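First comes the structure, then the notes that go with it.
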Amino acid sequence: MDALLSAMNNCCRQLPIAAIVMLKIAAALVGMASPAQATEGQVNVAPSFNRDVMAVLSRSGCNMGACHGNLNGKGGLKLSLRGEDPALDHRTLVRELEQRRVNLHDPAVSLLLQKPAGQVVHQGGLRFSSHSHEYQVIHDWIAAGAPGPKSKEAKLVKLEVEPSETVVVAPQEKLQLEVTAVFADGKRRDVRNLAVYELTDNLAEVNSDGLVQRLSLGETTILVRYLNLQTPVRIAFLPSSPAITWQAPLPENRIDEHVFARLKTLQLAPSQPCDDATYLRRAYLDLLGILPTPAEGQVFLADQSPDKREQLIDRLLTRPEFAEQWALKWSDLLRNEEKVLDIKGVDLFYEWLRKSFAHGLPLSDLVQELVTADGGTYENPPANYYRAMRDPFVRGETTARLFLGVRLQCARCHNHPYDTWTQDDYYNWAGVFARIDYEIPDNKRKDKFDKNEFIGQQIVKIKSEGEVKNARTGKDARPQLLGAKKPVDTKSERLDALGEWLTSADNKRFAENQANLVWYHLLGRGLVEPIDDFRATNPAVHPQLLDQLASDLIAADYDLRSLIRQIMSSQIYQLASSPNLSNGQDVRNFSRTVPQRLSAEKLLDAWCQVLDMPIEYAGYPLGTRAGQIRGVERVRSREKPPTTADRFLKTFGKPDRLLACECERSGETTLKQAFVLLGDAGLDALLSQDENRLAKLAASDRSNEQVVAELYFVALLRQPTSAELEAAMELLTQHEKRLNGLQDLAWALLNSKEFVFRH
């Protein structure tokens, strides 16, 4: 027997897998000892390579991008990223390296076990112990002959995790997750000890069996992954707070009902509604990008009508600044800038957007015109959408990101690690945009070395042929709408099919994406955050609310004003920013308004408005507001230095529009901004103008008390408190000239958190 075993061991490395398995079966029949031999009365079922071995490789991190799942592999071993190709991985593990990775006669000496168990040198360190479930799975699989993937094995169709959402209240601090895999043949399996548990933050920790341990209070999401499926689990760890009595204003609409229900579950009492002055300022900034005038403020504050806030919304939605504000937002997303589109192209694209919003063009029609546009970029301004995207991959990624909230970039090189999209999905989607081409009658660019600069009209045209190559197969991709079951008819116009499908009422992802975008601009944070990252593993903070908003938007024929009116009429929009005992740390559930710094355009326009002083922007007539600027750099800095206002906008976060993404606009505070504020590009320059509001107030015959009261109301829509008035009066008396005292007072007011932030 020993001689036969030795002979088998020597020949195993040279025999095909099928022959090896046959030898082992023969050995078992003649009574030989085998590591996988079942004990009496038991049926030993070999672990499945697809369901067990691949799960262990994922669970141990072996096929992650930082390890052997890397594009080039690690340490001579390359596995498919996150196990997307089991057949390839089986050949790699069993056939390569002279079959040293698995030892069919003595599984314990297999490198596939010794390295991760730390028994031999392993650059990846200890991945599991020799007494672990993972070790046993690999050992038993090798002992059974290292069988490969079974073509007839039922596929995984669903991953159930219980609970999927829960609240854990102190003193409880642990939670056991139950994970069940559901297969196409209807069979169910407990895979708790094969799943991967990924934390999105450090509020908790989870062990290999799915036991969650609280580390600190707050909300967290745990991604539970088994093979190719992932399920998010939302857990809120709450303190025991019997002293907090939950109460809320009466709901105004279904928005309030959805949000209040979750807040009650989370023991987060919403803040009180804001006062009229705060609401007025908030509404003007959100809808128009400007402050209310003193006269408008006085009229609104004096109005005793119970529905005056609803009346205010209706008035603001009809003002021209509303269309300008949304044209600015969409110009950021659509990369409306002069380097690629040229000045005339920027103006025409902006004007088309402005008129669309002014006339109430449904969002579905606006987007459909964009994605189906062709022809001259001057004659048909929506065609500028494709002008900045010169290949089908950029067009596909941008369109998915803007109008579906899907980030596809990762799927270009491999199946998406955090979403359901495959590499084939990526290239099939890109194929929809493969036949877009450009005709450039005459490029009059000034910098011959800059190939990205275009001056002059371009013709966006559709070719009759042309496909993209699928990098995985090397073959032509089949044009297919993202998530659709059937390819696009190659004989039909692909962009027309795209426009109809994308904005169809049946495509709820589009409606959700647009509802989330509007919510983001009105509440400062999306229901899905980031707003262009919709996926199962990044759920909406209020999923039922998002679904409701999308349904309402579809029912209203994608009317932007209807959605805005609904949101701004809710109690959630009207909550104050002042926290209470329960919601001081909450920034994601909308239990209060989270203060946010004004954007670069709004801040500069607000300063100019308070000081009653226009400011100059290069290439625009004096009197143009920052919120009316159509592009980014109308006059190149090499031709003429930027104005102080232009430098301010760039320093305070106005985007260069090089990316089709809200993320390009920055609201961060930097040291450079402090220097700009103190220099000639900042507030000092406006305060020192001879004809501004301060100079007029200083020269008037009004008392100091009256002058201070007016300045406070113009800037903050309120009168100074007794303490503020006393301090202001003292400040004015310290200066020989009243103007100098007013300049110091204005500096303090216009740099205060109350002014610089939207509350």
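Labeling convention for the structure tokens: chains A, B, ... as they appear, residues from 1 per chain, ligands from 1 in order of appearance.
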Residues near His139 of chain A, cut-off 12 Å, only C-alpha atoms, skip fewer than 5 positions along chain, as a ChimeraX atom specification: /A:35-36,46-47,49,52-53,56,101-114,117,130-134,144-146
Residues near Arg535 of chain A, anyone? I mean within 7 Å using only C-alpha atoms, not counting same-chain ones fewer than 3 positions away, as an mmCIF file with C-alpha atoms, in the first residue's frame.
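result-v1.cif was written with the following content:
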data_model
loop_
_atom_site.group_PDB
_atom_site.id
_atom_site.type_symbol
_atom_site.label_atom_id
_atom_site.label_comp_id
_atom_site.auth_asym_id
_atom_site.auth_seq_id
_atom_site.Cartn_x
_atom_site.Cartn_y
_atom_site.Cartn_z
ATOM 1 C CA ASP A 419 -22.096 47.270 -7.597
ATOM 2 C CA ASN A 538 -25.013 52.763 -0.591
ATOM 3 C CA PRO A 539 -28.691 52.964 0.360
#
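Among the candidate residues A:Ala723, A:Leu317, A:Ala576, A:Val169, the one lying nearest to Asp559 of chain A is A:Leu317, with distances computed using only C-alpha atoms.
Nearest-residue note for Leu291 of chain A: choosing from A:Val610, A:Val346, A:Ile436, A:Val157, the minimum distance belongs to A:Val610, counting only C-alpha atoms.
Nearest residue to Phe433 of chain A among A:Arg665, A:His521, A:Arg395, A:His90 is A:Arg395, counting only C-alpha atoms.
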Test item: residues at most 8 Å from Leu250 of chain A, only C-alpha atoms, excluding those fewer than 2 positions along its chain, as a ChimeraX atom specification: /A:248,252,571
Expected file contents, prior selection, N, CA and C atoms, as an mmCIF file, in the first residue's frame:
data_model
loop_
_atom_site.group_PDB
_atom_site.id
_atom_site.type_symbol
_atom_site.label_atom_id
_atom_site.label_comp_id
_atom_site.auth_asym_id
_atom_site.auth_seq_id
_atom_site.Cartn_x
_atom_site.Cartn_y
_atom_site.Cartn_z
ATOM 1 N N ALA A 248 -42.514 66.466 17.580
ATOM 2 C CA ALA A 248 -42.229 67.065 16.282
ATOM 3 C C ALA A 248 -43.395 67.954 15.885
ATOM 4 N N GLU A 252 -46.615 68.455 7.350
ATOM 5 C CA GLU A 252 -47.276 69.225 6.303
ATOM 6 C C GLU A 252 -47.609 68.354 5.097
ATOM 7 N N GLN A 571 -42.179 70.514 6.577
ATOM 8 C CA GLN A 571 -41.598 70.936 7.853
ATOM 9 C C GLN A 571 -40.095 70.638 7.889
#
Expected answer as an MDAnalysis selection string: helix (DSSP H, G or I) residues in segment 56-196 of chain A: chainID A and resid 56:59 81:83 86:95 97:99 107:109 111:114 133:143
Include C-alpha atoms and write out the residues we just selected as an mmCIF file, in the first residue's frame.
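Result file is part30.cif:
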data_model
loop_
_atom_site.group_PDB
_atom_site.id
_atom_site.type_symbol
_atom_site.label_atom_id
_atom_site.label_comp_id
_atom_site.auth_asym_id
_atom_site.auth_seq_id
_atom_site.Cartn_x
_atom_site.Cartn_y
_atom_site.Cartn_z
ATOM 1 C CA VAL A 56 -13.017 31.499 1.499
ATOM 2 C CA LEU A 57 -10.654 33.249 -0.926
ATOM 3 C CA SER A 58 -12.840 36.355 -0.790
ATOM 4 C CA ARG A 59 -13.326 36.151 2.960
ATOM 5 C CA LEU A 81 -10.729 40.340 -8.717
ATOM 6 C CA ARG A 82 -13.251 39.361 -6.042
ATOM 7 C CA GLY A 83 -13.656 35.959 -7.685
ATOM 8 C CA PRO A 86 -13.947 30.923 -10.877
ATOM 9 C CA ALA A 87 -12.868 28.743 -13.827
ATOM 10 C CA LEU A 88 -9.721 30.804 -14.352
ATOM 11 C CA ASP A 89 -8.954 30.795 -10.620
ATOM 12 C CA HIS A 90 -9.305 27.007 -10.460
ATOM 13 C CA ARG A 91 -6.810 26.524 -13.287
ATOM 14 C CA THR A 92 -4.431 28.970 -11.630
ATOM 15 C CA LEU A 93 -4.566 27.275 -8.229
ATOM 16 C CA VAL A 94 -4.428 23.673 -9.397
ATOM 17 C CA ARG A 95 -2.392 23.725 -12.611
ATOM 18 C CA LEU A 97 3.476 26.458 -10.314
ATOM 19 C CA GLU A 98 3.969 22.805 -11.206
ATOM 20 C CA GLN A 99 0.818 22.046 -9.197
ATOM 21 C CA PRO A 107 -3.528 18.479 1.653
ATOM 22 C CA ALA A 108 -1.852 19.869 4.777
ATOM 23 C CA VAL A 109 1.395 20.548 2.896
ATOM 24 C CA LEU A 111 0.939 26.014 -0.311
ATOM 25 C CA LEU A 112 -2.692 27.108 -0.560
ATOM 26 C CA LEU A 113 -3.014 26.156 3.109
ATOM 27 C CA GLN A 114 0.478 26.681 4.474
ATOM 28 C CA HIS A 133 -13.427 26.986 9.263
ATOM 29 C CA GLU A 134 -11.630 28.519 6.282
ATOM 30 C CA TYR A 135 -8.692 26.125 6.670
ATOM 31 C CA GLN A 136 -11.010 23.138 6.912
ATOM 32 C CA VAL A 137 -12.897 24.079 3.751
ATOM 33 C CA ILE A 138 -9.712 24.341 1.682
ATOM 34 C CA HIS A 139 -8.294 21.173 3.233
ATOM 35 C CA ASP A 140 -11.403 19.106 2.528
ATOM 36 C CA TRP A 141 -11.644 20.432 -1.019
ATOM 37 C CA ILE A 142 -8.060 19.424 -1.798
ATOM 38 C CA ALA A 143 -8.577 16.064 -0.100
#
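Considering only C-alpha atoms, the residue among A:Pro392, A:Pro487, A:Pro270, A:Pro232 positioned nearest to Pro249 of chain A is A:Pro270.
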Shell around segment 178-193 of chain A at 12 Å using only C-alpha atoms, local window under 6 positions removed, as number ranges by chain: A: 51-52, 55-56, 59-60, 132-134, 136-137, 152-164, 206-212, 223-233
Spatial neighbours of segment 513-516 of chain A, 6 Å, only C-alpha atoms, chain gap at least 6 places, as a list in words: Leu404, Gly405, Gly526 and Ala550 of chain A
Just the selected residues (N, CA and C atoms), exported as a short mmCIF file (atom, residue, chain, number, x, y, z; two decimals), in the first residue's frame, please.
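And here's result22.cif as it stands now:
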data_model
loop_
_atom_site.label_atom_id
_atom_site.label_comp_id
_atom_site.auth_asym_id
_atom_site.auth_seq_id
_atom_site.Cartn_x
_atom_site.Cartn_y
_atom_site.Cartn_z
N LEU A 404 -28.35 58.69 -14.10
CA LEU A 404 -28.75 57.47 -13.41
C LEU A 404 -28.09 57.36 -12.03
N GLY A 405 -27.13 58.23 -11.76
CA GLY A 405 -26.44 58.17 -10.48
C GLY A 405 -25.58 56.92 -10.35
N GLY A 526 -27.74 64.95 -0.09
CA GLY A 526 -28.67 64.08 -0.79
C GLY A 526 -29.24 63.00 0.11
N ALA A 550 -39.68 60.26 -6.18
CA ALA A 550 -39.56 59.86 -7.58
C ALA A 550 -40.93 59.62 -8.19
#
Who sits within 12 Å of Ala66 of chain A, only C-alpha atoms, same chain under 2 positions skipped, as an MDAnalysis selection string: chainID A and resid 61:64 68:75 78:79 81:82 123:124
